[in-house]
$ cat input27.cif   # mmCIF, C-alpha atoms
data_query
loop_
_atom_site.label_atom_id
_atom_site.label_comp_id
_atom_site.auth_asym_id
_atom_site.auth_seq_id
_atom_site.Cartn_x
_atom_site.Cartn_y
_atom_site.Cartn_z
CA MET T 1 0.00 0.00 0.00
CA GLU T 2 2.79 2.41 0.89
CA GLU T 3 4.42 1.69 -2.47
CA ILE T 4 1.36 2.64 -4.55
CA TYR T 5 1.00 5.88 -2.57
CA GLN T 6 4.66 6.64 -3.24
CA GLN T 7 4.05 6.11 -6.96
CA LEU T 8 1.38 8.82 -6.72
CA GLY T 9 3.82 11.23 -5.06
CA ILE T 10 3.15 10.67 -1.35
CA SER T 11 6.35 10.42 0.65
CA LYS T 12 6.91 7.78 3.31
CA GLU T 13 6.76 10.41 6.05
CA VAL T 14 3.39 11.82 4.92
CA PHE T 15 1.87 8.36 4.35
CA GLN T 16 2.84 7.13 7.80
CA TYR T 17 1.60 10.35 9.42
CA GLY T 18 -1.80 9.80 7.84
CA GLN T 19 -1.97 6.12 8.74
CA LYS T 20 -2.00 6.71 12.49
CA PHE T 21 -5.08 8.94 12.19
CA GLU T 22 -6.96 6.47 10.02
CA ALA T 23 -6.52 3.80 12.69
CA LEU T 24 -7.83 6.16 15.39
CA LEU T 25 -10.98 6.99 13.38
CA GLU T 26 -12.28 3.46 12.76
CA GLY T 27 -15.07 3.69 15.34
CA ARG T 28 -16.27 7.04 14.07
CA PHE T 29 -16.25 5.81 10.49
CA ARG T 30 -18.53 2.92 11.50
CA GLU T 31 -21.09 5.43 12.82
CA ILE T 32 -20.98 7.30 9.50
CA ASP T 33 -21.64 4.02 7.70
CA LYS T 34 -24.71 3.41 9.88
CA THR T 35 -26.14 6.81 8.91
CA ALA T 36 -25.40 6.05 5.26
CA GLU T 37 -27.25 2.74 5.56
CA TYR T 38 -30.29 4.47 7.07
CA ASN T 39 -30.35 7.13 4.35
CA GLN T 40 -29.80 4.56 1.61
CA LEU T 41 -32.89 2.70 2.76
CA LYS T 42 -34.82 5.98 2.99
CA VAL T 43 -34.02 6.78 -0.66
CA LEU T 44 -34.86 3.25 -1.74
CA LYS T 45 -38.20 3.41 0.07
CA ALA T 46 -39.08 6.68 -1.68
CA MET T 47 -38.22 5.24 -5.11
CA GLN T 48 -40.33 2.16 -4.47
CA ALA T 49 -43.24 4.14 -3.05
CA HIS T 50 -43.52 6.18 -6.25
CA LYS T 51 -43.09 3.19 -8.57
CA THR T 52 -39.85 4.24 -10.24
CA SER T 53 -39.67 2.23 -13.47
CA ALA T 54 -37.45 1.83 -16.52
CA GLU T 55 -39.88 4.09 -18.39
CA CYS T 56 -38.88 6.92 -16.05
CA PHE T 57 -35.45 7.04 -17.73
CA MET T 58 -36.78 7.80 -21.23
CA GLY T 59 -36.56 11.59 -20.94
CA SER T 60 -38.22 14.24 -23.08
CA THR T 61 -37.49 17.09 -25.49
CA GLY T 62 -39.22 20.29 -26.51
CA TYR T 63 -41.89 21.37 -24.07
CA GLY T 64 -41.45 18.25 -21.96
CA TYR T 65 -45.17 17.69 -21.47
CA ASN T 66 -46.13 14.52 -19.57
CA ASP T 67 -42.55 13.65 -18.66
CA LEU T 68 -43.11 10.64 -16.41
CA GLY T 69 -39.52 10.42 -15.21
CA ARG T 70 -39.27 14.11 -14.31
CA ASP T 71 -42.57 14.15 -12.44
CA THR T 72 -41.86 10.89 -10.60
CA LEU T 73 -38.39 12.08 -9.59
CA GLU T 74 -39.90 15.22 -8.07
CA ASP T 75 -42.29 13.04 -6.06
CA VAL T 76 -39.32 10.93 -4.92
CA TYR T 77 -37.41 14.03 -3.79
CA ALA T 78 -40.43 15.37 -1.90
CA HIS T 79 -40.93 12.01 -0.17
CA CYS T 80 -37.25 11.56 0.63
CA PHE T 81 -36.80 15.05 2.12
CA GLY T 82 -40.17 15.23 3.89
CA GLY T 83 -41.89 17.86 1.71
CA GLU T 84 -45.24 18.27 -0.01
CA ALA T 85 -43.66 18.92 -3.42
CA ALA T 86 -40.34 19.37 -5.17
CA LEU T 87 -38.86 21.00 -8.26
CA VAL T 88 -35.85 19.05 -9.60
CA ARG T 89 -34.66 20.37 -12.94
CA PRO T 90 -31.60 20.49 -15.21
CA GLN T 91 -32.68 24.03 -16.10
CA ILE T 92 -31.55 25.09 -12.59
CA THR T 93 -27.89 25.70 -13.32
CA CYS T 94 -26.31 25.72 -9.85
CA GLY T 95 -26.94 26.20 -6.14
CA THR T 96 -26.87 29.99 -6.39
CA HIS T 97 -29.44 29.85 -9.19
CA ALA T 98 -31.67 27.57 -7.10
CA LEU T 99 -31.47 29.95 -4.13
CA ALA T 100 -32.11 33.01 -6.30
CA LEU T 101 -35.10 31.24 -7.84
CA ALA T 102 -36.55 30.34 -4.45
CA LEU T 103 -36.11 33.89 -3.13
CA MET T 104 -37.31 35.78 -6.21
CA SER T 105 -40.39 33.60 -6.58
CA ASN T 106 -41.53 33.86 -2.97
CA LEU T 107 -40.77 37.53 -2.28
CA ARG T 108 -42.57 40.57 -3.69
CA PRO T 109 -41.71 44.30 -3.83
CA GLY T 110 -42.01 45.76 -0.34
CA ASP T 111 -41.15 42.49 1.39
CA GLU T 112 -38.08 42.08 3.56
CA LEU T 113 -35.63 39.18 3.65
CA LEU T 114 -33.95 38.37 6.97
CA SER T 115 -30.84 36.29 7.58
CA PRO T 116 -30.61 35.43 11.30
CA VAL T 117 -27.30 33.57 10.84
CA GLY T 118 -25.10 36.39 9.59
CA LYS T 119 -23.77 37.15 6.14
CA PRO T 120 -24.74 34.67 3.43
CA TYR T 121 -22.38 32.94 1.00
CA ASP T 122 -20.49 35.35 -1.27
CA THR T 123 -22.44 34.62 -4.46
CA LEU T 124 -25.74 35.52 -2.75
CA GLU T 125 -24.54 39.05 -2.02
CA GLU T 126 -25.29 40.07 -5.60
CA VAL T 127 -28.58 38.14 -5.63
CA ILE T 128 -29.73 40.08 -2.57
CA GLY T 129 -28.14 43.37 -3.59
CA ILE T 130 -25.62 43.66 -0.75
CA ARG T 131 -23.21 44.18 -3.62
CA PRO T 132 -25.12 46.02 -6.38
CA SER T 133 -25.92 43.81 -9.36
CA LYS T 134 -28.42 43.84 -12.22
CA GLY T 135 -31.63 42.01 -11.37
CA SER T 136 -30.96 41.82 -7.62
CA LEU T 137 -33.73 41.66 -5.04
CA ALA T 138 -32.85 45.23 -4.08
CA GLU T 139 -33.65 46.41 -7.62
CA TYR T 140 -37.14 44.96 -7.18
CA GLY T 141 -37.74 46.83 -3.94
CA ILE T 142 -37.07 43.88 -1.62
CA SER T 143 -35.12 44.96 1.45
CA TYR T 144 -32.67 42.91 3.48
CA ARG T 145 -31.35 42.81 6.99
CA GLN T 146 -29.25 40.35 8.93
CA VAL T 147 -28.53 39.41 12.51
CA ASP T 148 -25.06 38.08 13.14
CA LEU T 149 -24.40 35.02 15.26
CA LEU T 150 -23.07 35.56 18.75
CA GLU T 151 -19.37 35.16 19.48
CA ASP T 152 -19.92 31.57 20.62
CA GLY T 153 -21.83 30.70 17.44
CA GLY T 154 -25.23 30.88 19.12
CA PHE T 155 -28.31 32.64 17.78
CA ASP T 156 -28.90 36.24 18.85
CA TYR T 157 -32.54 35.70 19.75
CA ASP T 158 -33.01 39.24 21.10
CA GLY T 159 -31.53 40.67 17.91
CA ILE T 160 -33.74 38.45 15.74
CA ARG T 161 -36.87 39.49 17.61
CA LYS T 162 -35.98 43.17 17.13
CA ALA T 163 -35.15 42.68 13.45
CA MET T 164 -38.44 41.01 12.55
CA ASN T 165 -41.21 43.39 11.57
CA GLY T 166 -44.36 43.61 9.49
CA LYS T 167 -42.37 43.51 6.25
CA THR T 168 -40.44 40.34 7.12
CA LYS T 169 -41.70 37.77 4.60
CA LEU T 170 -38.90 35.22 4.37
CA VAL T 171 -36.12 34.07 6.70
CA THR T 172 -33.12 32.44 5.03
CA ILE T 173 -31.00 30.04 7.05
CA GLN T 174 -27.68 28.93 5.59
CA ARG T 175 -26.91 25.49 6.97
CA SER T 176 -23.27 25.36 5.92
CA LYS T 177 -20.62 27.91 6.82
CA GLY T 178 -19.83 29.34 3.38
CA TYR T 179 -16.57 31.30 3.37
CA GLN T 180 -16.70 31.75 7.13
CA THR T 181 -15.30 29.82 10.05
CA ARG T 182 -18.51 29.65 12.05
CA PRO T 183 -20.10 26.31 13.01
CA THR T 184 -22.33 24.53 10.52
CA LEU T 185 -25.90 24.30 11.78
CA SER T 186 -27.32 20.92 12.74
CA VAL T 187 -30.88 20.05 11.77
CA GLU T 188 -31.76 20.20 15.46
CA ARG T 189 -30.43 23.76 15.82
CA ILE T 190 -32.15 24.82 12.60
CA GLY T 191 -35.40 23.46 14.04
CA GLU T 192 -34.93 25.48 17.23
CA LEU T 193 -34.37 28.66 15.22
CA ILE T 194 -37.41 28.02 13.03
CA SER T 195 -39.59 27.42 16.10
CA PHE T 196 -38.49 30.76 17.52
CA VAL T 197 -39.24 32.60 14.25
CA LYS T 198 -42.65 30.93 13.90
CA GLU T 199 -43.59 31.91 17.46
CA ILE T 200 -43.07 35.55 16.47
CA ASN T 201 -44.87 35.21 13.12
CA PRO T 202 -46.21 31.84 11.92
CA GLU T 203 -46.72 33.23 8.40
CA VAL T 204 -43.03 33.90 7.74
CA ILE T 205 -41.50 31.51 5.21
CA CYS T 206 -38.43 29.73 6.60
CA MET T 207 -36.04 28.69 3.83
CA VAL T 208 -32.92 26.60 4.42
CA ASP T 209 -29.93 26.67 2.10
CA ASN T 210 -29.29 22.94 2.36
CA CYS T 211 -26.16 22.84 0.18
CA TYR T 212 -23.51 20.36 1.43
CA GLY T 213 -25.84 19.06 4.16
CA GLU T 214 -28.04 16.47 2.44
CA PHE T 215 -27.74 12.92 3.89
CA VAL T 216 -25.16 13.93 6.50
CA GLU T 217 -27.79 13.37 9.19
CA ARG T 218 -30.81 11.10 9.28
CA ARG T 219 -33.22 14.05 9.22
CA GLU T 220 -33.48 16.96 6.80
CA PRO T 221 -34.58 20.53 7.66
CA LEU T 222 -38.13 20.08 6.30
CA GLU T 223 -38.62 17.52 9.06
CA ALA T 224 -37.58 20.20 11.57
CA GLY T 225 -40.14 22.76 10.43
CA ALA T 226 -38.60 24.46 7.38
CA ASP T 227 -41.03 25.55 4.67
CA MET T 228 -38.51 25.16 1.86
CA ILE T 229 -35.06 23.67 1.32
CA VAL T 230 -32.80 24.42 -1.62
CA GLY T 231 -29.74 22.71 -3.04
CA SER T 232 -27.59 21.76 -6.01
CA LEU T 233 -27.46 18.41 -7.78
CA ILE T 234 -23.72 18.71 -8.36
CA LYS T 235 -23.33 18.60 -4.60
CA ASN T 236 -24.60 15.89 -2.23
CA PRO T 237 -27.91 14.69 -3.72
CA GLY T 238 -26.55 14.21 -7.24
CA GLY T 239 -24.19 11.54 -5.99
CA GLY T 240 -21.50 12.61 -8.45
CA LEU T 241 -23.56 11.40 -11.42
CA ALA T 242 -25.91 14.34 -12.02
CA PRO T 243 -24.26 16.48 -14.73
CA VAL T 244 -26.20 19.65 -13.83
CA GLY T 245 -29.27 20.75 -11.91
CA GLY T 246 -30.76 21.97 -8.67
CA TYR T 247 -33.77 21.35 -6.47
CA ILE T 248 -36.31 23.14 -4.31
CA ALA T 249 -38.48 21.06 -1.98
CA GLY T 250 -41.03 21.88 0.67
CA LYS T 251 -44.52 23.31 0.87
CA LYS T 252 -46.53 23.02 -2.32
CA GLU T 253 -47.18 26.76 -2.63
CA CYS T 254 -43.49 27.66 -2.26
CA VAL T 255 -42.48 25.09 -4.88
CA GLU T 256 -45.23 26.15 -7.29
CA ASN T 257 -44.11 29.77 -6.99
CA ALA T 258 -40.59 28.69 -7.92
CA ALA T 259 -41.84 26.65 -10.88
CA TYR T 260 -43.76 29.61 -12.30
CA ARG T 261 -40.67 31.78 -11.96
CA LEU T 262 -38.41 29.15 -13.56
CA THR T 263 -40.64 28.72 -16.62
CA SER T 264 -43.57 31.11 -17.02
CA PRO T 265 -46.83 32.12 -15.34
CA GLY T 266 -49.45 29.65 -16.49
CA LEU T 267 -46.89 26.96 -17.34
CA GLY T 268 -45.03 26.17 -14.12
CA LYS T 269 -44.04 22.53 -13.59
CA GLU T 270 -45.86 21.30 -16.70
CA VAL T 271 -43.00 22.20 -19.02
CA GLY T 272 -39.26 21.61 -18.95
CA ALA T 273 -37.64 18.85 -20.96
CA SER T 274 -35.35 16.44 -19.12
CA LEU T 275 -33.03 16.12 -22.15
CA GLY T 276 -31.64 12.67 -21.38
CA VAL T 277 -30.29 13.34 -17.87
CA THR T 278 -33.09 11.68 -15.91
CA GLN T 279 -31.36 8.35 -15.32
CA SER T 280 -28.26 10.06 -13.91
CA PHE T 281 -30.51 12.08 -11.57
CA TYR T 282 -32.15 8.91 -10.23
CA GLN T 283 -28.97 6.88 -10.02
CA GLY T 284 -27.06 9.76 -8.44
CA LEU T 285 -29.73 10.17 -5.75
CA PHE T 286 -29.61 6.42 -5.09
CA LEU T 287 -25.83 6.52 -4.60
CA ALA T 288 -25.79 9.82 -2.71
CA PRO T 289 -25.89 8.46 0.88
CA THR T 290 -22.80 6.30 0.25
CA VAL T 291 -20.96 9.07 -1.60
CA VAL T 292 -21.71 11.55 1.20
CA ALA T 293 -20.37 9.04 3.74
CA GLY T 294 -17.04 8.90 1.87
CA ALA T 295 -16.85 12.69 1.76
CA LEU T 296 -17.59 12.90 5.50
CA LYS T 297 -14.79 10.47 6.30
CA GLY T 298 -12.42 12.61 4.25
CA ALA T 299 -13.48 15.77 6.08
CA ILE T 300 -12.97 14.18 9.50
CA PHE T 301 -9.60 12.77 8.42
CA ALA T 302 -8.54 16.26 7.28
CA ALA T 303 -9.73 17.88 10.51
CA ASN T 304 -7.73 15.50 12.68
CA ILE T 305 -4.54 15.74 10.64
CA TYR T 306 -4.46 19.52 10.29
CA GLU T 307 -5.55 20.14 13.87
CA SER T 308 -2.64 17.99 15.05
CA LEU T 309 -0.29 20.27 13.10
CA GLY T 310 -1.52 23.40 14.84
CA PHE T 311 -3.90 24.76 12.20
CA PRO T 312 -7.32 26.01 13.38
CA VAL T 313 -10.03 23.78 11.89
CA VAL T 314 -13.84 24.07 11.82
CA PRO T 315 -15.33 21.68 12.79
CA ASN T 316 -12.57 20.34 15.00
CA GLY T 317 -11.47 16.73 14.97
CA THR T 318 -14.05 15.50 17.49
CA GLU T 319 -17.16 17.64 16.84
CA SER T 320 -20.34 16.19 15.35
CA ARG T 321 -20.71 16.77 11.59
CA HIS T 322 -23.60 18.51 9.86
CA ASP T 323 -22.15 19.10 6.39
CA ILE T 324 -19.27 17.76 4.28
CA ILE T 325 -17.14 20.94 4.35
CA GLN T 326 -13.93 21.14 6.33
CA ALA T 327 -12.44 24.59 6.93
CA VAL T 328 -8.72 24.83 7.66
CA THR T 329 -7.20 28.22 8.47
CA LEU T 330 -3.81 28.19 6.76
CA LYS T 331 -2.80 31.78 7.67
CA SER T 332 -0.88 32.60 4.48
CA ARG T 333 -1.46 32.94 0.76
CA GLU T 334 1.39 30.50 0.08
CA ALA T 335 -0.12 27.78 2.25
CA LEU T 336 -3.59 28.23 0.74
CA VAL T 337 -2.22 27.90 -2.79
CA ALA T 338 -0.07 24.89 -1.84
CA PHE T 339 -3.05 23.09 -0.29
CA CYS T 340 -5.14 23.59 -3.43
CA LYS T 341 -2.26 22.41 -5.63
CA GLY T 342 -2.25 19.18 -3.64
CA ILE T 343 -5.98 18.61 -4.15
CA GLN T 344 -5.61 19.24 -7.88
CA ALA T 345 -2.64 16.89 -8.13
CA ALA T 346 -4.73 14.10 -6.58
CA ALA T 347 -7.55 14.43 -9.13
CA PRO T 348 -8.45 11.86 -11.80
CA VAL T 349 -9.12 14.70 -14.27
CA ASP T 350 -6.69 17.58 -14.95
CA SER T 351 -4.21 16.44 -12.33
CA HIS T 352 -1.46 17.90 -14.53
CA VAL T 353 -2.72 21.49 -14.31
CA THR T 354 -1.93 24.05 -11.60
CA PRO T 355 -4.78 26.02 -10.00
CA GLU T 356 -4.29 29.79 -9.81
CA PRO T 357 -6.29 32.49 -8.00
CA TRP T 358 -8.62 34.55 -10.22
CA ALA T 359 -11.52 36.97 -10.09
CA MET T 360 -14.43 34.53 -10.38
CA PRO T 361 -17.89 35.90 -11.27
CA GLY T 362 -20.01 36.47 -8.18
CA TYR T 363 -17.11 36.80 -5.72
CA GLY T 364 -15.72 39.97 -4.14
CA ASP T 365 -12.13 38.68 -3.79
CA GLU T 366 -9.82 36.55 -5.86
CA VAL T 367 -10.63 32.88 -5.32
CA ILE T 368 -8.53 29.77 -5.88
CA MET T 369 -10.35 26.56 -6.72
CA ALA T 370 -8.99 23.06 -7.14
CA ALA T 371 -11.34 20.55 -8.71
CA GLY T 372 -10.27 17.88 -11.16
CA ALA T 373 -13.83 16.69 -11.56
CA PHE T 374 -15.83 14.63 -14.04
CA VAL T 375 -18.54 17.32 -13.82
CA GLN T 376 -17.32 20.91 -14.01
CA GLY T 377 -17.65 22.62 -10.63
CA SER T 378 -18.96 19.50 -8.90
CA SER T 379 -18.16 19.93 -5.21
CA ILE T 380 -19.35 16.49 -4.17
CA GLU T 381 -16.24 15.43 -6.06
CA LEU T 382 -12.88 16.08 -4.44
CA SER T 383 -12.40 19.84 -4.36
CA ALA T 384 -11.01 22.71 -2.32
CA ASP T 385 -11.35 26.44 -2.61
CA GLY T 386 -10.97 29.66 -0.69
CA PRO T 387 -10.86 33.43 -1.09
CA LEU T 388 -7.43 35.10 -1.12
CA ARG T 389 -8.03 37.15 2.01
CA GLU T 390 -7.31 36.92 5.72
CA PRO T 391 -7.24 34.51 7.49
CA TYR T 392 -6.50 32.46 4.34
CA ALA T 393 -8.88 29.63 5.14
CA VAL T 394 -9.35 26.77 2.70
CA TYR T 395 -12.64 24.90 2.37
CA PHE T 396 -12.20 21.24 1.50
CA GLN T 397 -15.11 19.04 0.50
CA GLY T 398 -16.14 16.01 -1.47
CA GLY T 399 -14.60 12.82 -2.69
CA LEU T 400 -16.76 10.29 -4.53
CA THR T 401 -15.02 7.62 -2.46
CA TRP T 402 -13.29 7.71 0.92
CA TYR T 403 -10.10 6.46 -0.70
CA HIS T 404 -9.94 9.38 -3.10
CA ALA T 405 -10.66 11.86 -0.31
CA LYS T 406 -7.83 10.28 1.71
CA LEU T 407 -5.39 10.66 -1.18
CA GLY T 408 -6.42 14.30 -1.63
CA ILE T 409 -5.73 15.16 1.99
CA LEU T 410 -2.39 13.38 1.96
CA MET T 411 -1.43 15.18 -1.27
CA SER T 412 -2.36 18.57 0.22
CA LEU T 413 -0.17 17.70 3.19
CA GLN T 414 2.62 16.64 0.83
CA LYS T 415 2.62 20.01 -0.98
CA LEU T 416 2.78 21.95 2.28
CA TYR T 417 5.54 19.65 3.52
CA GLU T 418 7.57 20.05 0.33
CA ALA T 419 7.17 23.84 0.51
CA GLY T 420 8.59 23.85 4.03
CA LEU T 421 5.37 25.21 5.52
CA LEU T 422 5.01 22.49 8.13
CA VAL T 423 6.88 19.71 9.88
CA LEU T 424 5.29 16.40 10.73
CA HIS T 425 5.83 16.14 14.46
CA GLY T 426 2.82 18.15 15.52
CA THR T 427 3.87 21.77 14.98
CA SER T 428 3.23 24.16 12.13
CA LYS T 429 5.88 26.56 10.83
CA ILE T 430 3.26 29.28 10.34
CA ASN T 431 1.85 30.40 13.68
#
$ encode --input "input27.cif" --output "structure tokens"
Amino acid sequence: MEEIYQQLGISKEVFQYGQKFEALLEGRFREIDKTAEYNQLKVLKAMQAHKTSAECFMGSTGYGYNDLGRDTLEDVYAHCFGGEAALVRPQITCGTHALALALMSNLRPGDELLSPVGKPYDTLEEVIGIRPSKGSLAEYGISYRQVDLLEDGGFDYDGIRKAMNGKTKLVTIQRSKGYQTRPTLSVERIGELISFVKEINPEVICMVDNCYGEFVERREPLEAGADMIVGSLIKNPGGGLAPVGGYIAGKKECVENAAYRLTSPGLGKEVGASLGVTQSFYQGLFLAPTVVAGALKGAIFAANIYESLGFPVVPNGTESRHDIIQAVTLKSREALVAFCKGIQAAAPVDSHVTPEPWAMPGYGDEVIMAAGAFVQGSSIELSADGPLREPYAVYFQGGLTWYHAKLGILMSLQKLYEAGLLVLHGTSKIN
């Protein structure tokens, strides 16, 4: 085993350093496998309940009227996630698009959007209008306010109560941390926050950005009181097979509003060709619980290794997990770039290229992204990225298998080791 890792560029020192952590994590990995088994059976039950058949894989073109596979898949998603309805479409291009669609379809001029968990992910800043952009919610007269989390990561309930008013129509809760180093929210904590909001005003729509969180726990946010959850198919629920797409699931009215915005008033869910991707959507969803389990193991492995070397990590090596993202604060531009070079070098696709920071659309800072993926931008596949700004944190996620995630982490460690940015006896050279 050590020899094959050496052939891939992992030195004896790095390999052996990783091995001791893998042995220590065996018990925790077994618990992850139990959750994966539960979620696998949950997906299977949903597919059986809605009579998924070979005919569902036929697909459609043109208007897409009477697309059995598309309509059945949406029923499967609703069942699986605990919602009344779902919209699962290849026409939804990414997670940001899905979130924008959910917001723009359920808010009207004069309404106010509230984030009670602090600043949203960078790409939503232009959607909302925090950073001015054409077509933003702000341009349509929809206002925004936010309440930051407390220093300890808790909810500022007094601040939330003061921020809510007669204009507050929708509360957006970002489950994952985005480009921040705050804790990811568990389904239980999301449920507590939703209960508090609903006590103040039961009519407020509670939307959860569920990206990176699907199948990490046995429950999803709809089962904790959310009205709507939103995500990307090239993250967890696509299982690495979906080539494009996003979903919105939850209350029927919220989903219908999104469908009319995606297509046209009067058309809604009735149109939208599946264009031959339906089978990959079904098969990806079926595999998703196992794929997510592999990504989780990789994240925990990374947390333990980098924490042992003195780097701040969120979550830490022992905390419970609620998404697949692992944040590691590397403290320098050089270390951030070296880490991402390691992830790229471990990829099955484009391992020979070198990632460089650049001004990506939708981001306020230069961003470096490493992702040698079968599907462009797929972050359920092994990937790492981060903005080139203090404190130079990298966000690692994905890995279609645990073994690939393991190699990626070891390769990131190898690049830092070769660059002289760390030593392997438990201390970092950048403090």
$ residues_near_point --input "input27.cif" --point "(-18.7, 29.3, 8.4)" --cutoff "10 Å" --atoms "all atoms listed in the file" --output "mmCIF file with C-alpha atoms, in the coordinates of the input"
data_model
loop_
_atom_site.group_PDB
_atom_site.id
_atom_site.type_symbol
_atom_site.label_atom_id
_atom_site.label_comp_id
_atom_site.auth_asym_id
_atom_site.auth_seq_id
_atom_site.Cartn_x
_atom_site.Cartn_y
_atom_site.Cartn_z
ATOM 1 C CA VAL T 117 -27.300 33.570 10.840
ATOM 2 C CA GLY T 118 -25.100 36.390 9.590
ATOM 3 C CA LYS T 119 -23.770 37.150 6.140
ATOM 4 C CA PRO T 120 -24.740 34.670 3.430
ATOM 5 C CA TYR T 121 -22.380 32.940 1.000
ATOM 6 C CA GLY T 153 -21.830 30.700 17.440
ATOM 7 C CA GLN T 174 -27.680 28.930 5.590
ATOM 8 C CA ARG T 175 -26.910 25.490 6.970
ATOM 9 C CA SER T 176 -23.270 25.360 5.920
ATOM 10 C CA LYS T 177 -20.620 27.910 6.820
ATOM 11 C CA GLY T 178 -19.830 29.340 3.380
ATOM 12 C CA TYR T 179 -16.570 31.300 3.370
ATOM 13 C CA GLN T 180 -16.700 31.750 7.130
ATOM 14 C CA THR T 181 -15.300 29.820 10.050
ATOM 15 C CA ARG T 182 -18.510 29.650 12.050
ATOM 16 C CA PRO T 183 -20.100 26.310 13.010
ATOM 17 C CA THR T 184 -22.330 24.530 10.520
ATOM 18 C CA LEU T 185 -25.900 24.300 11.780
ATOM 19 C CA VAL T 314 -13.840 24.070 11.820
ATOM 20 C CA PRO T 315 -15.330 21.680 12.790
ATOM 21 C CA ILE T 325 -17.140 20.940 4.350
ATOM 22 C CA GLN T 326 -13.930 21.140 6.330
ATOM 23 C CA ALA T 327 -12.440 24.590 6.930
ATOM 24 C CA TYR T 395 -12.640 24.900 2.370
#
$ closest_residue --input "input27.cif" --among "T:Thr318, T:Phe301, T:Lys235, T:Leu222" --to "Ser383 (chain T)" --atoms "only C-alpha atoms"
T:Lys235
$ closest_residue --input "input27.cif" --among "T:Gly294, T:Thr278, T:Lys269, T:Gly135" --to "Ala54 (chain T)" --atoms "only C-alpha atoms"
T:Thr278
$ resolve_selection --input "input27.cif" --expression "the PyMOL selection byres ((chain T and resi 276) around 9)" --output "PyMOL selection string"
chain T and resi 57-61+273-275+277-280
$ resolve_selection --input "input27.cif" --expression "the PyMOL selection byres ((chain T and resi 386) around 6)" --output "list of chain:residue names"
T:Val367, T:Ile368, T:Asp385, T:Pro387, T:Val394, T:Tyr395
$ resolve_selection --input "input27.cif" --expression "the PyMOL selection byres ((chain T and resi 377) around 12)" --output "ChimeraX atom specification"
/T:93-95,232-235,240,242-245,369-376,378-385,397-398
$ residues_around --input "input27.cif" --residues "region 4-15 of chain T" --least-positions-apart "6" --cutoff "9 Å" --atoms "all atoms listed in the file" --output "mmCIF file with C-alpha atoms, keeping the file's coordinate frame"
data_model
loop_
_atom_site.group_PDB
_atom_site.id
_atom_site.type_symbol
_atom_site.label_atom_id
_atom_site.label_comp_id
_atom_site.auth_asym_id
_atom_site.auth_seq_id
_atom_site.Cartn_x
_atom_site.Cartn_y
_atom_site.Cartn_z
ATOM 1 C CA ALA T 346 -4.730 14.100 -6.580
ATOM 2 C CA LEU T 407 -5.390 10.660 -1.180
ATOM 3 C CA LEU T 410 -2.390 13.380 1.960
ATOM 4 C CA MET T 411 -1.430 15.180 -1.270
ATOM 5 C CA LEU T 413 -0.170 17.700 3.190
ATOM 6 C CA GLN T 414 2.620 16.640 0.830
ATOM 7 C CA TYR T 417 5.540 19.650 3.520
ATOM 8 C CA LEU T 424 5.290 16.400 10.730
#
$ atom_distance --input "input27.cif" --atom1 "CA of Leu388 (chain T)" --atom2 "CA of Ala338 (chain T)"
12.6 Å
$ atom_distance --input "input27.cif" --atom1 "CA of Glu270 (chain T)" --atom2 "CA of Val43 (chain T)"
24.7 Å
$ closest_residue --input "input27.cif" --among "T:Ile160, T:Ile128, T:Ala86, T:Leu114" --to "Ile205 (chain T)" --atoms "all atoms listed in the file"
T:Leu114
$ axis_aligned_box --input "input27.cif" --around "region 126-139 of chain T" --padding-each-side "3 Å" --output "JSON"
{"center_x": -28.5, "center_y": 42.3, "center_z": -6.5, "size_x": 16.5, "size_y": 14.3, "size_z": 17.5}
$ residues_around --input "input27.cif" --residues "Arg261 (chain T)" --least-positions-apart "2" --cutoff "9 Å" --atoms "all atoms listed in the file" --output "ChimeraX atom specification"
/T:101-102,104-105,256-259,263-265,268
$ closest_residue --input "input27.cif" --among "T:Val271, T:Leu309, T:Ile190, T:Gly166" --to "Asp71 (chain T)" --atoms "only C-alpha atoms"
T:Val271
$ residues_around --input "input27.cif" --residues "Val204 (chain T)" --least-positions-apart "2" --cutoff "8 Å" --atoms "only C-alpha atoms" --output "VMD selection string"
chain T and resid 168 to 171 197 to 198 201 to 202 206
$ atom_distance --input "input27.cif" --atom1 "CA of Phe286 (chain T)" --atom2 "CA of Pro237 (chain T)"
8.6 Å
